[in-house]
Amino acid sequence: MTVGFFGGKFLPLHLGHVFAIIQASTIVEELYLVLSHSEKRDKELCENTKMKYVESRVRLRWLHQLVKDMDHVKVIQVEDRYSNEDYNWEEGAVEIKKKIGKPIDYVFSSEHEYEAIFAKLYPEATHFLIDEERNTVPISATQIREEGVFKHWNFLPDEVKPHFVKKVVIVGTESCGKSTLTHNLAKIYNTSFVEEYGRTHCERIGGCDGIMFEEDYPLIAYTQKVNEFEAMKKANKVVFIDTEATVTQFYSELYNHHHQPVLDEVANLQDYDLCLYLEPDVRWVDDGLRFHGEQNVRLTNNRRLKQLLSKNNIDFIPLTGDYNEKLKQSIKYVQALLTE
Ligand SMILES: NC(=O)c1ccc[n+]([C@@H]2O[C@H](COP(=O)([O-])OP(=O)(O)OC[C@H]3O[C@@H](n4cnc5c(N)ncnc54)[C@H](O)[C@@H]3O)[C@@H](O)[C@H]2O)c1
């Protein structure tokens with residue numbers, strides 16, 4: 001059986017790595033992908049660049065996801081050791097050999113300069129160079145870190161993109177223009193979005209006033225999260241999300257007079273990059289599922305929702321004005337988010 005390995009930091013994993021991994025997988029009968037990581041070094045590599053440090057557990061999952069359907073490719077990880085600030089290649093090789101646990105026939109890389117090191121560390125193995133010039137996929141992880149992931153978005157594998165997607169949530173009370181703004185922004189940015197699942201739920205049961213049960217709200221919050229997870233996989237740099245768990249809490253209080261700790265728990269797990277709050281300063285539109293149109297009720301509800309968001313430590317940006325004004329302001333904030 002021929003055995004080989006392909007090592008790297010994969011900070012981040014890109015399509016050049018994927019190309020090399022696939023090439024290597026066709027040459028040996030068993031291929032090991034070795035994630036070499038060092039928290040200190042890897043954080044330093046990302047310092048003063050346009051890419052945030054990516055934890056090794058995330059990179060390990062990327063590799064596992066990439067090769068999950070390739071039975072002869074295995075993923076292992078080693079923690080890189082340093083002596084006097086220099087990477088200790090010898091210790092690294094001892095660890096890699098121990099983890100692979102069988103004779104190594106091939107060491108794959110695209111770096112000519114590793115030739116001498118690998119000849120010394122793996123004298124029985126052939127150093128197999130893959131696309132040294134990087135002509136097939138002209139990209140490097142250094143370039144992605146330096147110039148930012150959005151500039152090189154199309155060089156990121158689908159398994160990697162969701163990690164970097166910016167999540168924009170749009171909140172507000174009834175008839176403030178949330179769902180239209182969500183759709184419009186998704187169209188402008190040619191990306192995916194998440195509809196307010198609470199609304200879909202009400203449509204399915206034939207309304208909401210008087211027929212919502214307490215147990216409906218956690219279901220709504222969980223389904224919204226699952227839908228977010230799915231939308232992130234399809235997102236083009238940014239995803240737009242109509243409401244979150246605090247808004248669900250607000251409706252639980254409004255319709256069922258019940259504050260549910262589980263909804264706060266869900267809200268505490270959320271990590272949106274931007275939360276846009278639409279003030280209810282546009283005309284209230286009756287769509288058959290809305291019941292709180294009087295101006296004083298709208299204002300009371302508005303105050304309560306803001307209170308709940310603040311309690312859940314969600315920083316929101318209030319947007320005022322007509323639909324066009326709110327769209328223009330949203331675009332300004334989204335652009336800032338996408339400018340790394
Ligand atoms: N001790 C050992 O024996 C040993 C062996 C191998 C690797 N390592 C570890 O891995 C690190 C070396 O990996 P790296 O820093 O080069 O990691 P990296 O994540 O930048 O790259 C991983 C591999 O992909 C190749 N590659 C990058 N872009 C490519 C492209 N566009 N097309 C084709 N191939 C491409 C690189 O040449 C490298 O071989 C070392 O610093 C060390 O931590 C250790």
# chains A, B, ... in the order shown; residues from 1 in each chain; ligands from 1
call {"tool": "residues_near_ligand", "arguments": {"ligand": "ligand 1", "cutoff": "6 Å", "atoms": "only C-alpha atoms and all ligand atoms", "output": "PyMOL selection string"}}
result
chain A and resi 7-11+16-17+20+36+80+89-90+92-93+109-111+131+134+137-141
call {"tool": "write_last_selection", "arguments": {"atoms": "N, CA and C atoms", "output": "CSV table (one decimal), in the first residue's frame"}}
result
chain,number,residue,atom,x,y,z
A,7,GLY,N,0.9,18.4,4.0
A,7,GLY,CA,0.7,19.1,5.3
A,7,GLY,C,0.6,20.6,5.0
A,8,GLY,N,0.0,21.3,5.9
A,8,GLY,CA,-0.2,22.7,5.8
A,8,GLY,C,-0.9,23.4,7.0
A,9,LYS,N,-0.9,24.7,6.9
A,9,LYS,CA,-1.7,25.4,8.0
A,9,LYS,C,-3.1,25.7,7.6
A,10,PHE,N,-3.3,25.7,6.3
A,10,PHE,CA,-4.7,25.9,5.7
A,10,PHE,C,-5.4,27.1,6.4
A,11,LEU,N,-4.7,28.2,6.3
A,11,LEU,CA,-5.1,29.5,7.0
A,11,LEU,C,-5.3,30.6,6.0
A,16,GLY,N,-6.5,26.2,-4.3
A,16,GLY,CA,-5.2,25.7,-4.6
A,16,GLY,C,-4.8,24.5,-3.8
A,17,HIS,N,-5.1,24.6,-2.5
A,17,HIS,CA,-4.9,23.4,-1.6
A,17,HIS,C,-5.8,22.2,-2.1
A,20,ALA,N,-4.3,20.5,-5.0
A,20,ALA,CA,-3.2,19.7,-4.7
A,20,ALA,C,-3.6,18.5,-3.9
A,36,SER,N,-1.2,21.4,10.5
A,36,SER,CA,-0.1,21.9,11.4
A,36,SER,C,-0.6,23.2,12.0
A,80,ASP,N,2.3,22.5,16.1
A,80,ASP,CA,3.7,22.8,15.8
A,80,ASP,C,4.5,23.4,17.0
A,89,TRP,N,11.2,21.6,12.7
A,89,TRP,CA,10.8,20.6,11.6
A,89,TRP,C,11.0,19.2,12.1
A,90,GLU,N,12.2,19.0,12.8
A,90,GLU,CA,12.5,17.6,13.3
A,90,GLU,C,11.4,17.0,14.2
A,92,GLY,N,8.4,18.1,14.5
A,92,GLY,CA,7.2,18.0,13.7
A,92,GLY,C,7.1,16.7,12.9
A,93,ALA,N,8.3,16.3,12.3
A,93,ALA,CA,8.3,15.1,11.6
A,93,ALA,C,8.1,13.9,12.5
A,109,SER,N,3.9,18.5,-1.7
A,109,SER,CA,3.8,20.0,-1.5
A,109,SER,C,3.9,20.7,-2.8
A,110,SER,N,3.8,22.0,-2.8
A,110,SER,CA,4.1,22.7,-4.0
A,110,SER,C,5.3,23.6,-3.9
A,111,GLU,N,6.0,23.4,-2.8
A,111,GLU,CA,7.2,24.2,-2.5
A,111,GLU,C,8.5,23.6,-2.8
A,131,ASP,N,2.3,21.4,-9.0
A,131,ASP,CA,2.1,22.7,-9.6
A,131,ASP,C,2.9,23.8,-8.8
A,134,ARG,N,2.0,27.3,-9.3
A,134,ARG,CA,0.6,27.6,-9.0
A,134,ARG,C,-0.1,28.2,-10.2
A,137,VAL,N,-4.3,27.0,-10.1
A,137,VAL,CA,-5.1,27.8,-9.2
A,137,VAL,C,-4.2,28.9,-8.6
A,138,PRO,N,-4.1,30.0,-9.3
A,138,PRO,CA,-3.1,31.0,-8.9
A,138,PRO,C,-3.6,31.8,-7.6
A,139,ILE,N,-3.3,31.2,-6.5
A,139,ILE,CA,-3.7,31.9,-5.2
A,139,ILE,C,-2.8,31.3,-4.1
A,140,SER,N,-2.6,32.1,-3.0
A,140,SER,CA,-1.9,31.6,-1.9
A,140,SER,C,-2.7,32.1,-0.6
A,141,ALA,N,-2.5,31.4,0.5
A,141,ALA,CA,-3.2,31.7,1.7
A,141,ALA,C,-2.7,33.1,2.2
call {"tool": "select_by_dssp", "arguments": {"residues": "segment 96-276 of chain A", "states": "helix (DSSP H, G or I)", "output": "MDAnalysis selection string"}}
result
chainID A and resid 96:100 112:121 141:147 153:155 161:164 178:188 197:205 216:234 245:256 261:269
call {"tool": "residues_around", "arguments": {"residues": "Leu278 of chain A", "least_positions_apart": "4", "cutoff": "9 Å", "atoms": "only C-alpha atoms", "output": "list in words"}}
result
Ile170, Val171, Gly172, Thr173, Cys176, Gly177, Lys178, Ile317, Pro318, Leu319, Thr320 and Lys326 of chain A
call {"tool": "residues_around", "arguments": {"residues": "His163 of chain A", "least_positions_apart": "4", "cutoff": "9 Å", "atoms": "only C-alpha atoms", "output": "tab-separated table (two decimals) with N, CA and C atoms, in the first residue's frame"}}
result
chain	number	residue	atom	x	y	z
A	58	VAL	N	-11.74	24.84	13.58
A	58	VAL	CA	-12.53	25.20	12.40
A	58	VAL	C	-11.82	24.68	11.15
A	159	GLU	N	-17.04	24.64	1.51
A	159	GLU	CA	-16.98	24.24	2.93
A	159	GLU	C	-16.45	25.37	3.79
A	232	MET	N	-26.71	30.28	5.08
A	232	MET	CA	-25.28	30.63	5.13
A	232	MET	C	-24.49	29.82	4.11
call {"tool": "atom_distance", "arguments": {"atom1": "atom CA of His37 of chain A", "atom2": "atom CA of Lys98 of chain A"}}
result
16.7 Å
call {"tool": "decode", "arguments": {"residues": "segment 93-194 of chain A", "atoms": "C-alpha atoms", "output": "mmCIF file, in the first residue's frame"}}
result
data_model
loop_
_atom_site.group_PDB
_atom_site.id
_atom_site.type_symbol
_atom_site.label_atom_id
_atom_site.label_comp_id
_atom_site.auth_asym_id
_atom_site.auth_seq_id
_atom_site.Cartn_x
_atom_site.Cartn_y
_atom_site.Cartn_z
ATOM 1 C CA ALA A 93 8.316 15.076 11.574
ATOM 2 C CA VAL A 94 8.540 12.778 14.621
ATOM 3 C CA GLU A 95 4.952 13.647 15.518
ATOM 4 C CA ILE A 96 3.658 13.247 11.937
ATOM 5 C CA LYS A 97 5.367 9.818 11.595
ATOM 6 C CA LYS A 98 3.953 8.723 14.962
ATOM 7 C CA LYS A 99 0.407 9.749 13.999
ATOM 8 C CA ILE A 100 0.559 8.136 10.548
ATOM 9 C CA GLY A 101 2.097 5.020 12.084
ATOM 10 C CA LYS A 102 3.226 3.376 8.837
ATOM 11 C CA PRO A 103 6.016 3.870 6.281
ATOM 12 C CA ILE A 104 5.596 7.064 4.241
ATOM 13 C CA ASP A 105 6.256 6.786 0.496
ATOM 14 C CA TYR A 106 5.329 10.297 -0.660
ATOM 15 C CA VAL A 107 5.445 13.763 0.837
ATOM 16 C CA PHE A 108 3.411 16.205 -1.263
ATOM 17 C CA SER A 109 3.833 19.963 -1.462
ATOM 18 C CA SER A 110 4.050 22.723 -4.039
ATOM 19 C CA GLU A 111 7.170 24.249 -2.465
ATOM 20 C CA HIS A 112 10.507 23.579 -4.128
ATOM 21 C CA GLU A 113 12.245 25.022 -1.088
ATOM 22 C CA TYR A 114 10.980 22.134 1.107
ATOM 23 C CA GLU A 115 13.092 19.726 -1.013
ATOM 24 C CA ALA A 116 16.150 19.680 1.265
ATOM 25 C CA ILE A 117 14.115 19.574 4.485
ATOM 26 C CA PHE A 118 11.973 16.663 3.309
ATOM 27 C CA ALA A 119 15.024 14.795 1.942
ATOM 28 C CA LYS A 120 16.542 14.953 5.424
ATOM 29 C CA LEU A 121 13.381 14.230 7.431
ATOM 30 C CA TYR A 122 11.836 11.591 5.137
ATOM 31 C CA PRO A 123 14.823 9.978 3.360
ATOM 32 C CA GLU A 124 12.743 6.965 2.235
ATOM 33 C CA ALA A 125 9.989 9.109 0.753
ATOM 34 C CA THR A 126 9.691 10.889 -2.596
ATOM 35 C CA HIS A 127 8.975 14.600 -2.413
ATOM 36 C CA PHE A 128 6.265 15.038 -5.042
ATOM 37 C CA LEU A 129 5.916 18.637 -6.209
ATOM 38 C CA ILE A 130 2.432 19.667 -7.343
ATOM 39 C CA ASP A 131 2.095 22.732 -9.553
ATOM 40 C CA GLU A 132 5.075 24.604 -8.156
ATOM 41 C CA GLU A 133 4.232 27.656 -10.251
ATOM 42 C CA ARG A 134 0.632 27.601 -8.976
ATOM 43 C CA ASN A 135 -0.585 28.021 -12.536
ATOM 44 C CA THR A 136 -3.723 25.910 -12.185
ATOM 45 C CA VAL A 137 -5.094 27.782 -9.172
ATOM 46 C CA PRO A 138 -3.148 31.033 -8.859
ATOM 47 C CA ILE A 139 -3.689 31.880 -5.207
ATOM 48 C CA SER A 140 -1.921 31.621 -1.855
ATOM 49 C CA ALA A 141 -3.207 31.729 1.712
ATOM 50 C CA THR A 142 -0.847 34.658 2.382
ATOM 51 C CA GLN A 143 -2.514 36.649 -0.406
ATOM 52 C CA ILE A 144 -5.977 35.876 1.002
ATOM 53 C CA ARG A 145 -4.904 36.972 4.485
ATOM 54 C CA GLU A 146 -3.255 40.142 3.157
ATOM 55 C CA GLU A 147 -6.037 41.210 0.796
ATOM 56 C CA GLY A 148 -9.060 39.736 2.551
ATOM 57 C CA VAL A 149 -11.403 36.840 1.893
ATOM 58 C CA PHE A 150 -13.995 38.902 0.013
ATOM 59 C CA LYS A 151 -11.481 39.914 -2.645
ATOM 60 C CA HIS A 152 -10.705 36.242 -3.295
ATOM 61 C CA TRP A 153 -14.154 34.805 -2.534
ATOM 62 C CA ASN A 154 -14.173 32.534 -5.580
ATOM 63 C CA PHE A 155 -10.966 30.855 -4.446
ATOM 64 C CA LEU A 156 -12.673 29.640 -1.258
ATOM 65 C CA PRO A 157 -14.213 26.137 -1.227
ATOM 66 C CA ASP A 158 -17.918 25.880 -0.374
ATOM 67 C CA GLU A 159 -16.983 24.236 2.928
ATOM 68 C CA VAL A 160 -15.043 27.369 3.924
ATOM 69 C CA LYS A 161 -17.266 30.223 2.747
ATOM 70 C CA PRO A 162 -19.945 30.006 5.525
ATOM 71 C CA HIS A 163 -17.279 30.728 8.156
ATOM 72 C CA PHE A 164 -16.647 34.144 6.635
ATOM 73 C CA VAL A 165 -20.229 35.088 5.686
ATOM 74 C CA LYS A 166 -21.406 38.315 7.361
ATOM 75 C CA LYS A 167 -24.756 37.938 9.077
ATOM 76 C CA VAL A 168 -27.095 40.899 8.909
ATOM 77 C CA VAL A 169 -30.313 40.676 10.902
ATOM 78 C CA ILE A 170 -33.225 43.037 10.379
ATOM 79 C CA VAL A 171 -35.601 43.604 13.278
ATOM 80 C CA GLY A 172 -38.581 45.776 14.157
ATOM 81 C CA THR A 173 -42.237 45.569 15.117
ATOM 82 C CA GLU A 174 -45.243 44.910 12.850
ATOM 83 C CA SER A 175 -45.364 46.564 9.435
ATOM 84 C CA CYS A 176 -42.031 48.368 9.625
ATOM 85 C CA GLY A 177 -40.818 47.075 6.226
ATOM 86 C CA LYS A 178 -38.565 44.244 7.458
ATOM 87 C CA SER A 179 -39.423 41.522 4.987
ATOM 88 C CA THR A 180 -39.376 43.851 1.964
ATOM 89 C CA LEU A 181 -36.006 45.271 3.019
ATOM 90 C CA THR A 182 -34.646 41.735 3.570
ATOM 91 C CA HIS A 183 -35.731 40.684 0.053
ATOM 92 C CA ASN A 184 -34.426 43.891 -1.531
ATOM 93 C CA LEU A 185 -31.002 43.667 0.102
ATOM 94 C CA ALA A 186 -30.681 39.994 -0.868
ATOM 95 C CA LYS A 187 -31.426 40.934 -4.480
ATOM 96 C CA ILE A 188 -28.963 43.838 -4.498
ATOM 97 C CA TYR A 189 -26.171 41.721 -2.999
ATOM 98 C CA ASN A 190 -27.150 38.663 -5.094
ATOM 99 C CA THR A 191 -27.259 36.464 -2.030
ATOM 100 C CA SER A 192 -29.461 34.297 0.161
ATOM 101 C CA PHE A 193 -31.858 35.436 2.870
ATOM 102 C CA VAL A 194 -33.965 33.994 5.682
#
